[in-house]
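Okay, so here's the structure we're looking at.
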Amino acid sequence: MADDASPPDSASPAPPPQPNAVSRLIDFLRAKGASPVKAPESAVMLLQKQQGNSSLNARFVTMLGLACAIAALGLMADSAVVVIGAMLIAPLMKPITSLSYGIVTGNLKLSLRSTITLFVGMAITLLVSAGCEFLFELRGPTAEILSRTHPTLIDLGIAVAAGVAATVAVSRSDVADSLPGVAVAVSLVPPLCVTGIGLSNGEWEIALGSFQLYAVNLCAILLCAGIVFLIDGYGKVVKAVPGLFVVVVFIGLLAPSLYVSMQSLKYDDLSQETVLGFLREKYPKNQTAHPNDLREVDVIVMEDHVFVYVRIEAPRDAFDEVELQELFDRIAAELDKPLNLKIQFVLTDEIVMYPYKEGDAYKQLYGAGDYIPRR
């Protein structure tokens, strides 16, 4: 009699292994299955976008002119908020990325049109900013203007990171919303506006320093954008090498002055901290100069020495010769060059109110001034 029961299926597949806790956490953080990460845009689509970015049209001229006027007025008014607003609407980044794309792909037509648009944009920026200064007559350089006249290696690092971020945002639509942040991070229109203001005022040092900052940002963005385009598969290294080599040469020419400015910034920080530390230490014993009375520490780096200028609001006899020598020795110990130190005391009249004690001993403790005992 035949057995109706079917034999057990010994070859049935084993159930898939369950992911462990670490794998589930990684999938959760990556939002696996929610929305796939978009690949870089096709070469055809990106070329069309860069052709639009290289176009010199009325919209580009209008928006850039308005951004330059806002930036120039914000610089003259010493308003960082207004300057940031100008960065957000300035379209000067577009011809720079299209120029970089034209370089790496060997598209001479795109590169030429981008270069023309870029130079026309620079001319508009210089003319508008100089015109704003001529109309409103800036009385003196503001802090916003002076902050863009001494580029350092830090500015080069910022431009490198911003160039990479801008190119990634251009070639990937899913991160395009990062472009406004990139526009704020890298400084293009404001330093060029400072150049125009400096030229209008005849301040050649300000104009040269700010244009150097613009040139550093421009070269760094061109170089980094080109490298990112090549990594993403756009263009070929053979076509990109000549153009990128020229950019590298320009960066090399700018690098020594950036290093000198970086050294000046380093010396300035060291001198500032040393003077503040000296005042904090001396104030409990000699209360004629508080750390908040320090008004300025300026450093000028020479070939063979460093000149440090200290300006402080205090009475004429705030420190004796021993204390001044101690301050000199402290600053000199922090620097690797001979020091020339100049201290300027801005004379003040002081009134000290003391609640408990009277007499010469208390006056010696609190320094010279008028003493009004509290009742």
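Residue numbering restarts at 1 for every chain of the structure tokens, chains are lettered A, B, ... in their displayed order, and ligands are numbered from 1 as they appear.
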Can you pull out every residue within 8 Å of Ala240 (chain A), counting only C-alpha atoms, but drop anything in the same chain fewer than 2 positions away, and send it as a PDB file with N, CA and C atoms, in the first residue's frame?
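Contents of out_21.pdb, as written:
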```pdb
ATOM      1  N   ILE A 103      37.305  74.697 -18.405  1.00  0.00           N
ATOM      2  CA  ILE A 103      38.733  74.346 -18.379  1.00  0.00           C
ATOM      3  C   ILE A 103      38.917  72.835 -18.375  1.00  0.00           C
ATOM      4  N   VAL A 104      38.191  72.119 -17.487  1.00  0.00           N
ATOM      5  CA  VAL A 104      38.415  70.667 -17.349  1.00  0.00           C
ATOM      6  C   VAL A 104      37.858  69.887 -18.531  1.00  0.00           C
ATOM      7  N   THR A 105      36.870  70.426 -19.238  1.00  0.00           N
ATOM      8  CA  THR A 105      36.299  69.724 -20.390  1.00  0.00           C
ATOM      9  C   THR A 105      36.914  70.166 -21.712  1.00  0.00           C
ATOM     10  N   GLY A 106      37.795  71.159 -21.665  1.00  0.00           N
ATOM     11  CA  GLY A 106      38.411  71.642 -22.890  1.00  0.00           C
ATOM     12  C   GLY A 106      37.453  72.403 -23.784  1.00  0.00           C
ATOM     13  N   GLY A 226      37.560  72.557 -10.419  1.00  0.00           N
ATOM     14  CA  GLY A 226      38.073  71.707 -11.484  1.00  0.00           C
ATOM     15  C   GLY A 226      38.401  70.304 -11.006  1.00  0.00           C
ATOM     16  N   GLY A 235      34.946  65.783 -17.920  1.00  0.00           N
ATOM     17  CA  GLY A 235      36.201  66.238 -18.492  1.00  0.00           C
ATOM     18  C   GLY A 235      37.296  65.190 -18.377  1.00  0.00           C
ATOM     19  N   LYS A 236      38.484  65.577 -18.833  1.00  0.00           N
ATOM     20  CA  LYS A 236      39.638  64.692 -18.814  1.00  0.00           C
ATOM     21  C   LYS A 236      40.851  65.441 -18.264  1.00  0.00           C
ATOM     22  N   VAL A 237      41.713  64.690 -17.596  1.00  0.00           N
ATOM     23  CA  VAL A 237      42.881  65.289 -16.957  1.00  0.00           C
ATOM     24  C   VAL A 237      43.783  65.959 -17.984  1.00  0.00           C
ATOM     25  N   VAL A 238      43.943  65.329 -19.162  1.00  0.00           N
ATOM     26  CA  VAL A 238      44.831  65.882 -20.188  1.00  0.00           C
ATOM     27  C   VAL A 238      44.366  67.272 -20.606  1.00  0.00           C
ATOM     28  N   PRO A 242      46.567  72.082 -18.475  1.00  0.00           N
ATOM     29  CA  PRO A 242      47.098  73.428 -18.783  1.00  0.00           C
ATOM     30  C   PRO A 242      46.400  74.550 -18.018  1.00  0.00           C
ATOM     31  N   GLY A 243      45.065  74.542 -18.013  1.00  0.00           N
ATOM     32  CA  GLY A 243      44.334  75.600 -17.332  1.00  0.00           C
ATOM     33  C   GLY A 243      44.529  75.572 -15.824  1.00  0.00           C
ATOM     34  N   LEU A 244      44.451  74.390 -15.237  1.00  0.00           N
ATOM     35  CA  LEU A 244      44.627  74.285 -13.793  1.00  0.00           C
ATOM     36  C   LEU A 244      46.056  74.617 -13.384  1.00  0.00           C
TER      37      LEU A 244
END
```
Using DSSP on the backbone coordinates, identify all residues within region 144-356 of chain A classified as helix (DSSP H, G or I); present the result as a CSV table (one decimal) with N, CA and C atoms, in the first residue's frame.
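Once written, selection.csv looks like this:
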```
chain,number,residue,atom,x,y,z
A,144,GLU,N,34.5,96.7,8.9
A,144,GLU,CA,34.2,95.7,7.8
A,144,GLU,C,35.1,95.8,6.6
A,145,ILE,N,35.5,97.1,6.3
A,145,ILE,CA,36.4,97.3,5.2
A,145,ILE,C,37.8,96.8,5.6
A,146,LEU,N,38.3,97.1,6.7
A,146,LEU,CA,39.7,96.8,7.1
A,146,LEU,C,39.8,95.3,7.3
A,153,LEU,N,46.5,82.7,5.1
A,153,LEU,CA,46.3,81.3,4.7
A,153,LEU,C,45.0,80.8,5.2
A,154,ILE,N,44.4,81.4,6.2
A,154,ILE,CA,43.1,81.0,6.7
A,154,ILE,C,42.1,81.2,5.6
A,155,ASP,N,42.2,82.4,5.0
A,155,ASP,CA,41.2,82.7,3.9
A,155,ASP,C,41.4,81.8,2.7
A,156,LEU,N,42.6,81.4,2.4
A,156,LEU,CA,42.8,80.4,1.4
A,156,LEU,C,42.2,79.0,1.7
A,157,GLY,N,42.3,78.6,3.0
A,157,GLY,CA,41.6,77.4,3.4
A,157,GLY,C,40.1,77.5,3.3
A,158,ILE,N,39.5,78.6,3.6
A,158,ILE,CA,38.1,78.8,3.5
A,158,ILE,C,37.7,78.7,2.0
A,159,ALA,N,38.4,79.4,1.2
A,159,ALA,CA,38.1,79.4,-0.2
A,159,ALA,C,38.2,78.0,-0.8
A,160,VAL,N,39.2,77.2,-0.4
A,160,VAL,CA,39.3,75.8,-0.9
A,160,VAL,C,38.1,75.0,-0.5
A,161,ALA,N,37.7,75.0,0.8
A,161,ALA,CA,36.5,74.3,1.2
A,161,ALA,C,35.2,74.8,0.5
A,162,ALA,N,35.1,76.1,0.4
A,162,ALA,CA,33.9,76.6,-0.3
A,162,ALA,C,33.9,76.2,-1.8
A,163,GLY,N,35.0,76.2,-2.4
A,163,GLY,CA,35.1,75.8,-3.8
A,163,GLY,C,34.6,74.3,-4.0
A,164,VAL,N,35.0,73.5,-3.1
A,164,VAL,CA,34.6,72.1,-3.1
A,164,VAL,C,33.1,72.0,-2.9
A,165,ALA,N,32.6,72.7,-1.9
A,165,ALA,CA,31.2,72.6,-1.6
A,165,ALA,C,30.3,73.2,-2.7
A,166,ALA,N,30.8,74.3,-3.3
A,166,ALA,CA,30.0,74.9,-4.4
A,166,ALA,C,29.9,73.9,-5.6
A,167,THR,N,31.0,73.2,-5.9
A,167,THR,CA,31.0,72.3,-7.1
A,167,THR,C,30.1,71.1,-6.8
A,168,VAL,N,30.2,70.6,-5.6
A,168,VAL,CA,29.3,69.5,-5.2
A,168,VAL,C,27.8,69.9,-5.3
A,169,ALA,N,27.5,71.1,-4.9
A,169,ALA,CA,26.1,71.6,-4.9
A,169,ALA,C,25.7,71.9,-6.4
A,170,VAL,N,26.6,72.3,-7.3
A,170,VAL,CA,26.3,72.5,-8.6
A,170,VAL,C,26.0,71.2,-9.4
A,171,SER,N,26.8,70.2,-9.1
A,171,SER,CA,26.7,68.9,-9.9
A,171,SER,C,25.7,67.9,-9.3
A,173,SER,N,21.8,67.8,-7.7
A,173,SER,CA,20.6,68.6,-7.4
A,173,SER,C,20.1,68.4,-6.0
A,174,ASP,N,20.4,67.3,-5.3
A,174,ASP,CA,19.9,67.0,-4.0
A,174,ASP,C,20.6,67.8,-2.9
A,175,VAL,N,21.7,68.5,-3.2
A,175,VAL,CA,22.4,69.4,-2.3
A,175,VAL,C,22.5,70.8,-2.8
A,176,ALA,N,21.7,71.1,-3.8
A,176,ALA,CA,21.7,72.5,-4.3
A,176,ALA,C,21.3,73.5,-3.3
A,177,ASP,N,20.5,73.1,-2.3
A,177,ASP,CA,20.1,74.1,-1.3
A,177,ASP,C,21.2,74.6,-0.4
A,178,SER,N,22.4,74.0,-0.6
A,178,SER,CA,23.6,74.5,0.2
A,178,SER,C,24.3,75.7,-0.4
A,179,LEU,N,23.9,76.0,-1.7
A,179,LEU,CA,24.6,77.1,-2.3
A,179,LEU,C,24.5,78.5,-1.6
A,180,PRO,N,23.4,78.8,-1.0
A,180,PRO,CA,23.4,80.1,-0.2
A,180,PRO,C,24.4,80.1,0.9
A,181,GLY,N,24.6,79.0,1.6
A,181,GLY,CA,25.7,79.0,2.6
A,181,GLY,C,27.0,79.1,2.0
A,182,VAL,N,27.3,78.5,0.9
A,182,VAL,CA,28.6,78.6,0.2
A,182,VAL,C,28.8,80.1,-0.2
A,183,ALA,N,27.8,80.8,-0.7
A,183,ALA,CA,27.9,82.2,-1.0
A,183,ALA,C,28.3,83.0,0.1
A,184,VAL,N,27.9,82.7,1.3
A,184,VAL,CA,28.2,83.5,2.5
A,184,VAL,C,29.7,83.1,3.0
A,185,ALA,N,30.0,81.8,2.8
A,185,ALA,CA,31.3,81.4,3.3
A,185,ALA,C,32.5,82.0,2.5
A,189,VAL,N,32.2,89.3,-3.8
A,189,VAL,CA,31.8,90.7,-4.0
A,189,VAL,C,32.3,91.6,-3.0
A,190,PRO,N,32.2,91.3,-1.7
A,190,PRO,CA,32.7,92.3,-0.7
A,190,PRO,C,34.1,92.8,-0.8
A,191,PRO,N,35.1,91.9,-1.0
A,191,PRO,CA,36.5,92.4,-1.1
A,191,PRO,C,36.6,93.2,-2.4
A,192,LEU,N,35.9,92.8,-3.5
A,192,LEU,CA,36.0,93.6,-4.7
A,192,LEU,C,35.4,95.0,-4.5
A,193,CYS,N,34.3,95.0,-3.7
A,193,CYS,CA,33.8,96.4,-3.4
A,193,CYS,C,34.7,97.2,-2.6
A,194,VAL,N,35.4,96.6,-1.7
A,194,VAL,CA,36.5,97.3,-0.9
A,194,VAL,C,37.5,97.8,-1.8
A,195,THR,N,37.9,97.0,-2.9
A,195,THR,CA,38.9,97.5,-3.8
A,195,THR,C,38.4,98.8,-4.5
A,196,GLY,N,37.1,98.7,-5.0
A,196,GLY,CA,36.5,99.9,-5.6
A,196,GLY,C,36.5,101.1,-4.7
A,197,ILE,N,36.1,100.9,-3.4
A,197,ILE,CA,36.1,102.0,-2.4
A,197,ILE,C,37.5,102.5,-2.2
A,198,GLY,N,38.5,101.6,-2.1
A,198,GLY,CA,39.9,102.1,-1.9
A,198,GLY,C,40.4,102.9,-3.1
A,199,LEU,N,40.1,102.4,-4.3
A,199,LEU,CA,40.5,103.2,-5.5
A,199,LEU,C,39.9,104.5,-5.6
A,200,SER,N,38.6,104.6,-5.2
A,200,SER,CA,37.9,105.9,-5.2
A,200,SER,C,38.5,106.9,-4.2
A,201,ASN,N,39.0,106.3,-3.1
A,201,ASN,CA,39.5,107.2,-2.0
A,201,ASN,C,41.0,107.4,-2.2
A,204,TRP,N,45.5,103.1,-1.7
A,204,TRP,CA,46.1,102.0,-2.5
A,204,TRP,C,46.4,100.8,-1.7
A,205,GLU,N,46.8,100.9,-0.5
A,205,GLU,CA,47.0,99.7,0.3
A,205,GLU,C,45.8,98.9,0.6
A,206,ILE,N,44.7,99.6,0.9
A,206,ILE,CA,43.4,98.9,1.1
A,206,ILE,C,42.9,98.3,-0.2
A,207,ALA,N,43.1,99.0,-1.3
A,207,ALA,CA,42.6,98.4,-2.6
A,207,ALA,C,43.4,97.2,-3.0
A,208,LEU,N,44.7,97.3,-2.8
A,208,LEU,CA,45.6,96.1,-3.1
A,208,LEU,C,45.3,94.9,-2.3
A,209,GLY,N,45.2,95.2,-0.9
A,209,GLY,CA,45.0,94.0,0.0
A,209,GLY,C,43.6,93.4,-0.3
A,210,SER,N,42.6,94.1,-0.5
A,210,SER,CA,41.3,93.5,-0.8
A,210,SER,C,41.2,92.8,-2.1
A,211,PHE,N,41.9,93.3,-3.1
A,211,PHE,CA,41.9,92.7,-4.4
A,211,PHE,C,42.7,91.4,-4.3
A,212,GLN,N,43.7,91.3,-3.5
A,212,GLN,CA,44.5,90.1,-3.2
A,212,GLN,C,43.6,89.0,-2.6
A,213,LEU,N,42.7,89.4,-1.7
A,213,LEU,CA,41.7,88.5,-1.1
A,213,LEU,C,40.8,88.0,-2.1
A,214,TYR,N,40.3,88.8,-3.0
A,214,TYR,CA,39.4,88.4,-4.1
A,214,TYR,C,40.2,87.4,-5.0
A,215,ALA,N,41.4,87.7,-5.4
A,215,ALA,CA,42.2,86.8,-6.2
A,215,ALA,C,42.4,85.5,-5.6
A,216,VAL,N,42.7,85.5,-4.3
A,216,VAL,CA,42.9,84.2,-3.6
A,216,VAL,C,41.6,83.3,-3.7
A,217,ASN,N,40.5,84.0,-3.4
A,217,ASN,CA,39.2,83.2,-3.4
A,217,ASN,C,38.9,82.7,-4.9
A,218,LEU,N,39.1,83.6,-5.8
A,218,LEU,CA,38.9,83.2,-7.2
A,218,LEU,C,39.7,82.0,-7.7
A,219,CYS,N,41.0,82.1,-7.4
A,219,CYS,CA,41.9,81.0,-7.8
A,219,CYS,C,41.6,79.7,-7.1
A,220,ALA,N,41.3,79.8,-5.8
A,220,ALA,CA,41.1,78.6,-5.0
A,220,ALA,C,39.8,77.9,-5.5
A,221,ILE,N,38.8,78.7,-5.8
A,221,ILE,CA,37.5,78.1,-6.3
A,221,ILE,C,37.7,77.5,-7.6
A,222,LEU,N,38.4,78.1,-8.5
A,222,LEU,CA,38.7,77.6,-9.9
A,222,LEU,C,39.4,76.2,-9.8
A,223,LEU,N,40.4,76.2,-8.9
A,223,LEU,CA,41.2,74.9,-8.8
A,223,LEU,C,40.4,73.8,-8.2
A,224,CYS,N,39.7,74.1,-7.1
A,224,CYS,CA,39.0,73.0,-6.4
A,224,CYS,C,37.8,72.6,-7.2
A,225,ALA,N,37.1,73.5,-7.8
A,225,ALA,CA,36.0,73.2,-8.7
A,225,ALA,C,36.4,72.2,-9.8
A,226,GLY,N,37.6,72.6,-10.4
A,226,GLY,CA,38.1,71.7,-11.5
A,226,GLY,C,38.4,70.3,-11.0
A,227,ILE,N,39.0,70.2,-9.8
A,227,ILE,CA,39.3,68.9,-9.3
A,227,ILE,C,38.1,68.1,-9.0
A,228,VAL,N,37.1,68.7,-8.4
A,228,VAL,CA,35.8,68.0,-8.1
A,228,VAL,C,35.1,67.6,-9.4
A,229,PHE,N,35.1,68.4,-10.4
A,229,PHE,CA,34.5,68.0,-11.7
A,229,PHE,C,35.2,66.8,-12.2
A,230,LEU,N,36.6,66.8,-12.2
A,230,LEU,CA,37.3,65.6,-12.7
A,230,LEU,C,37.0,64.3,-11.9
A,231,ILE,N,36.9,64.5,-10.5
A,231,ILE,CA,36.6,63.3,-9.7
A,231,ILE,C,35.2,62.8,-10.0
A,237,VAL,N,41.7,64.7,-17.6
A,237,VAL,CA,42.9,65.3,-17.0
A,237,VAL,C,43.8,66.0,-18.0
A,238,VAL,N,43.9,65.3,-19.2
A,238,VAL,CA,44.8,65.9,-20.2
A,238,VAL,C,44.4,67.3,-20.6
A,239,LYS,N,43.1,67.5,-20.7
A,239,LYS,CA,42.5,68.8,-21.1
A,239,LYS,C,42.6,69.8,-20.0
A,240,ALA,N,42.5,69.3,-18.8
A,240,ALA,CA,42.4,70.2,-17.6
A,240,ALA,C,43.8,70.7,-17.1
A,241,VAL,N,44.8,69.9,-17.4
A,241,VAL,CA,46.1,70.2,-16.9
A,241,VAL,C,46.6,71.7,-17.2
A,242,PRO,N,46.6,72.1,-18.5
A,242,PRO,CA,47.1,73.4,-18.8
A,242,PRO,C,46.4,74.5,-18.0
A,243,GLY,N,45.1,74.5,-18.0
A,243,GLY,CA,44.3,75.6,-17.3
A,243,GLY,C,44.5,75.6,-15.8
A,244,LEU,N,44.5,74.4,-15.2
A,244,LEU,CA,44.6,74.3,-13.8
A,244,LEU,C,46.1,74.6,-13.4
A,245,PHE,N,47.0,74.3,-14.3
A,245,PHE,CA,48.4,74.7,-13.9
A,245,PHE,C,48.6,76.2,-13.8
A,246,VAL,N,47.9,76.9,-14.7
A,246,VAL,CA,48.0,78.4,-14.6
A,246,VAL,C,47.4,78.9,-13.3
A,247,VAL,N,46.3,78.3,-12.9
A,247,VAL,CA,45.7,78.7,-11.6
A,247,VAL,C,46.6,78.4,-10.4
A,248,VAL,N,47.3,77.2,-10.5
A,248,VAL,CA,48.2,76.8,-9.4
A,248,VAL,C,49.4,77.8,-9.4
A,249,VAL,N,49.8,78.3,-10.5
A,249,VAL,CA,50.9,79.3,-10.6
A,249,VAL,C,50.5,80.6,-9.9
A,250,PHE,N,49.3,81.0,-10.1
A,250,PHE,CA,48.8,82.2,-9.5
A,250,PHE,C,48.7,82.1,-8.0
A,251,ILE,N,48.2,80.9,-7.6
A,251,ILE,CA,48.1,80.6,-6.1
A,251,ILE,C,49.5,80.6,-5.5
A,252,GLY,N,50.5,80.1,-6.2
A,252,GLY,CA,51.9,80.1,-5.7
A,252,GLY,C,52.5,81.5,-5.6
A,253,LEU,N,52.1,82.4,-6.5
A,253,LEU,CA,52.5,83.7,-6.4
A,253,LEU,C,51.9,84.5,-5.3
A,254,LEU,N,50.7,84.1,-4.9
A,254,LEU,CA,50.0,84.8,-3.8
A,254,LEU,C,50.4,84.2,-2.4
A,255,ALA,N,50.9,83.0,-2.4
A,255,ALA,CA,51.1,82.3,-1.1
A,255,ALA,C,52.1,83.0,-0.2
A,256,PRO,N,53.2,83.5,-0.7
A,256,PRO,CA,54.2,84.2,0.2
A,256,PRO,C,53.5,85.3,1.0
A,257,SER,N,52.8,86.2,0.3
A,257,SER,CA,52.2,87.3,1.1
A,257,SER,C,51.1,86.8,2.0
A,258,LEU,N,50.4,85.7,1.7
A,258,LEU,CA,49.5,85.1,2.6
A,258,LEU,C,50.2,84.6,3.9
A,259,TYR,N,51.4,84.0,3.7
A,259,TYR,CA,52.1,83.5,4.9
A,259,TYR,C,52.6,84.7,5.7
A,260,VAL,N,53.0,85.8,5.1
A,260,VAL,CA,53.4,87.0,5.9
A,260,VAL,C,52.3,87.5,6.7
A,261,SER,N,51.1,87.6,6.1
A,261,SER,CA,49.9,88.1,6.8
A,261,SER,C,49.5,87.1,7.9
A,262,MET,N,49.7,85.8,7.7
A,262,MET,CA,49.4,84.9,8.7
A,262,MET,C,50.4,85.0,9.9
A,263,GLN,N,51.7,85.3,9.7
A,263,GLN,CA,52.6,85.5,10.7
A,263,GLN,C,52.2,86.8,11.5
A,264,SER,N,51.8,87.8,10.8
A,264,SER,CA,51.4,89.1,11.5
A,264,SER,C,50.2,88.8,12.4
A,265,LEU,N,49.2,88.0,11.9
A,265,LEU,CA,48.1,87.7,12.7
A,265,LEU,C,48.5,86.9,14.0
A,266,LYS,N,49.5,86.0,13.8
A,266,LYS,CA,50.0,85.2,14.9
A,266,LYS,C,50.6,86.1,16.0
A,267,TYR,N,51.5,87.0,15.5
A,267,TYR,CA,52.1,87.9,16.4
A,267,TYR,C,51.1,88.8,17.1
A,268,ASP,N,50.1,89.2,16.4
A,268,ASP,CA,49.1,90.1,17.0
A,268,ASP,C,48.3,89.4,18.1
A,269,ASP,N,48.0,88.1,17.9
A,269,ASP,CA,47.3,87.4,18.9
A,269,ASP,C,48.2,87.2,20.1
A,270,LEU,N,49.4,86.8,19.9
A,270,LEU,CA,50.3,86.6,21.0
A,270,LEU,C,50.5,87.9,21.8
A,271,SER,N,50.7,89.0,21.2
A,271,SER,CA,50.9,90.3,21.9
A,271,SER,C,49.6,90.7,22.6
A,272,GLN,N,48.5,90.5,22.0
A,272,GLN,CA,47.2,90.8,22.7
A,272,GLN,C,47.0,90.0,23.9
A,273,GLU,N,47.2,88.7,23.9
A,273,GLU,CA,47.1,87.9,25.0
A,273,GLU,C,48.1,88.2,26.1
A,274,THR,N,49.3,88.5,25.7
A,274,THR,CA,50.3,88.8,26.7
A,274,THR,C,50.0,90.1,27.5
A,275,VAL,N,49.6,91.1,26.7
A,275,VAL,CA,49.2,92.4,27.4
A,275,VAL,C,48.0,92.2,28.3
A,276,LEU,N,47.0,91.5,27.8
A,276,LEU,CA,45.8,91.3,28.7
A,276,LEU,C,46.2,90.5,29.9
A,277,GLY,N,47.0,89.5,29.8
A,277,GLY,CA,47.5,88.7,30.9
A,277,GLY,C,48.3,89.5,31.9
A,278,PHE,N,49.1,90.4,31.4
A,278,PHE,CA,49.8,91.3,32.3
A,278,PHE,C,48.9,92.2,33.1
A,279,LEU,N,47.9,92.8,32.4
A,279,LEU,CA,47.0,93.7,33.1
A,279,LEU,C,46.1,92.9,34.1
A,280,ARG,N,45.7,91.7,33.8
A,280,ARG,CA,44.9,90.9,34.8
A,280,ARG,C,45.7,90.6,36.0
A,281,GLU,N,47.0,90.4,35.8
A,281,GLU,CA,47.9,90.0,36.9
A,281,GLU,C,48.2,91.2,37.8
A,282,LYS,N,48.4,92.4,37.2
A,282,LYS,CA,48.7,93.6,37.9
A,282,LYS,C,47.6,94.3,38.6
A,291,PRO,N,42.1,95.5,32.7
A,291,PRO,CA,42.1,94.9,31.4
A,291,PRO,C,41.2,95.5,30.4
A,292,ASN,N,40.0,96.0,30.8
A,292,ASN,CA,39.1,96.6,29.9
A,292,ASN,C,39.5,98.0,29.4
A,293,ASP,N,40.6,98.5,30.1
A,293,ASP,CA,41.1,99.8,29.6
A,293,ASP,C,42.0,99.7,28.4
A,321,GLU,N,58.9,101.9,35.8
A,321,GLU,CA,59.9,101.4,34.8
A,321,GLU,C,60.1,99.9,35.0
A,322,VAL,N,60.0,99.4,36.2
A,322,VAL,CA,60.2,97.9,36.4
A,322,VAL,C,59.1,97.2,35.7
A,323,GLU,N,57.8,97.6,35.9
A,323,GLU,CA,56.7,97.0,35.4
A,323,GLU,C,56.6,97.0,33.8
A,324,LEU,N,57.1,98.2,33.3
A,324,LEU,CA,57.1,98.3,31.8
A,324,LEU,C,58.2,97.4,31.2
A,325,GLN,N,59.3,97.3,31.9
A,325,GLN,CA,60.3,96.4,31.5
A,325,GLN,C,59.8,94.9,31.5
A,326,GLU,N,59.1,94.6,32.5
A,326,GLU,CA,58.5,93.3,32.7
A,326,GLU,C,57.5,93.0,31.5
A,327,LEU,N,56.7,94.0,31.1
A,327,LEU,CA,55.8,93.8,30.0
A,327,LEU,C,56.6,93.6,28.7
A,328,PHE,N,57.7,94.4,28.5
A,328,PHE,CA,58.5,94.2,27.3
A,328,PHE,C,59.1,92.8,27.3
A,329,ASP,N,59.6,92.3,28.4
A,329,ASP,CA,60.2,91.0,28.4
A,329,ASP,C,59.2,89.9,28.1
A,330,ARG,N,58.0,90.1,28.6
A,330,ARG,CA,57.0,89.0,28.4
A,330,ARG,C,56.6,89.0,26.9
A,331,ILE,N,56.4,90.1,26.3
A,331,ILE,CA,56.1,90.1,24.9
A,331,ILE,C,57.2,89.6,24.0
A,332,ALA,N,58.5,90.0,24.3
A,332,ALA,CA,59.6,89.5,23.6
A,332,ALA,C,59.8,88.0,23.7
A,333,ALA,N,59.5,87.5,24.8
A,333,ALA,CA,59.6,86.0,25.0
A,333,ALA,C,58.7,85.2,24.1
A,334,GLU,N,57.6,85.8,23.7
A,334,GLU,CA,56.6,85.1,22.9
A,334,GLU,C,56.9,85.2,21.4
```
**Request:** Quick one: everything within 10 Å of Gln51 (chain A), counting only C-alpha atoms, minus sequence neighbours fewer than 3 positions away in the same chain. Send it as a list in words.
**Result:** Met45, Leu46, Leu47, Gln48, Ser54, Ser55, Lys94, Pro95, Ser98, Leu99, Tyr101, Gly102, Lys109, Leu110, Ser111, Arg113 and Ser114 of chain A
Expected file: the selected residues, C-alpha atoms, as a JSON list (two decimals), in the first residue's frame:
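Listed below is the output, result34.json:
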```json
[["chain", "number", "residue", "atom", "x", "y", "z"],
["A", 45, "MET", "CA", 22.48, 68.53, -18.26],
["A", 46, "LEU", "CA", 25.51, 69.97, -16.44],
["A", 47, "LEU", "CA", 26.83, 71.50, -19.68],
["A", 48, "GLN", "CA", 23.49, 73.21, -20.26],
["A", 54, "SER", "CA", 28.31, 81.79, -18.32],
["A", 55, "SER", "CA", 25.69, 83.94, -20.02],
["A", 94, "LYS", "CA", 28.17, 81.32, -11.58],
["A", 95, "PRO", "CA", 30.73, 82.38, -14.22],
["A", 98, "SER", "CA", 31.30, 77.61, -15.57],
["A", 99, "LEU", "CA", 34.88, 78.73, -16.30],
["A", 101, "TYR", "CA", 33.94, 73.42, -16.07],
["A", 102, "GLY", "CA", 35.09, 74.79, -19.41],
["A", 109, "LYS", "CA", 33.86, 78.56, -26.20],
["A", 110, "LEU", "CA", 32.45, 78.11, -22.70],
["A", 111, "SER", "CA", 35.73, 79.17, -21.09],
["A", 113, "ARG", "CA", 32.34, 83.35, -22.54],
["A", 114, "SER", "CA", 32.75, 82.69, -18.81]]
```
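Among the candidates A:Leu56, A:Val44, A:Thr62, A:Val308, the one nearest to Thr117 (chain A) when counting only C-alpha atoms is A:Leu56.
Counting only C-alpha atoms and comparing A:Leu118, A:Leu347, A:Val301, A:Leu335, the residue that lies closest to Arg316 (chain A) is A:Leu347.
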**Request:** Identify which of the residues A:Phe134, A:Asn107, A:Met76, A:Phe119 lies closest to Leu92 (chain A), counting only C-alpha atoms when measuring atom-to-atom distances.
**Result:**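 With only C-alpha atoms as the atom set, the closest residue is A:Phe119.
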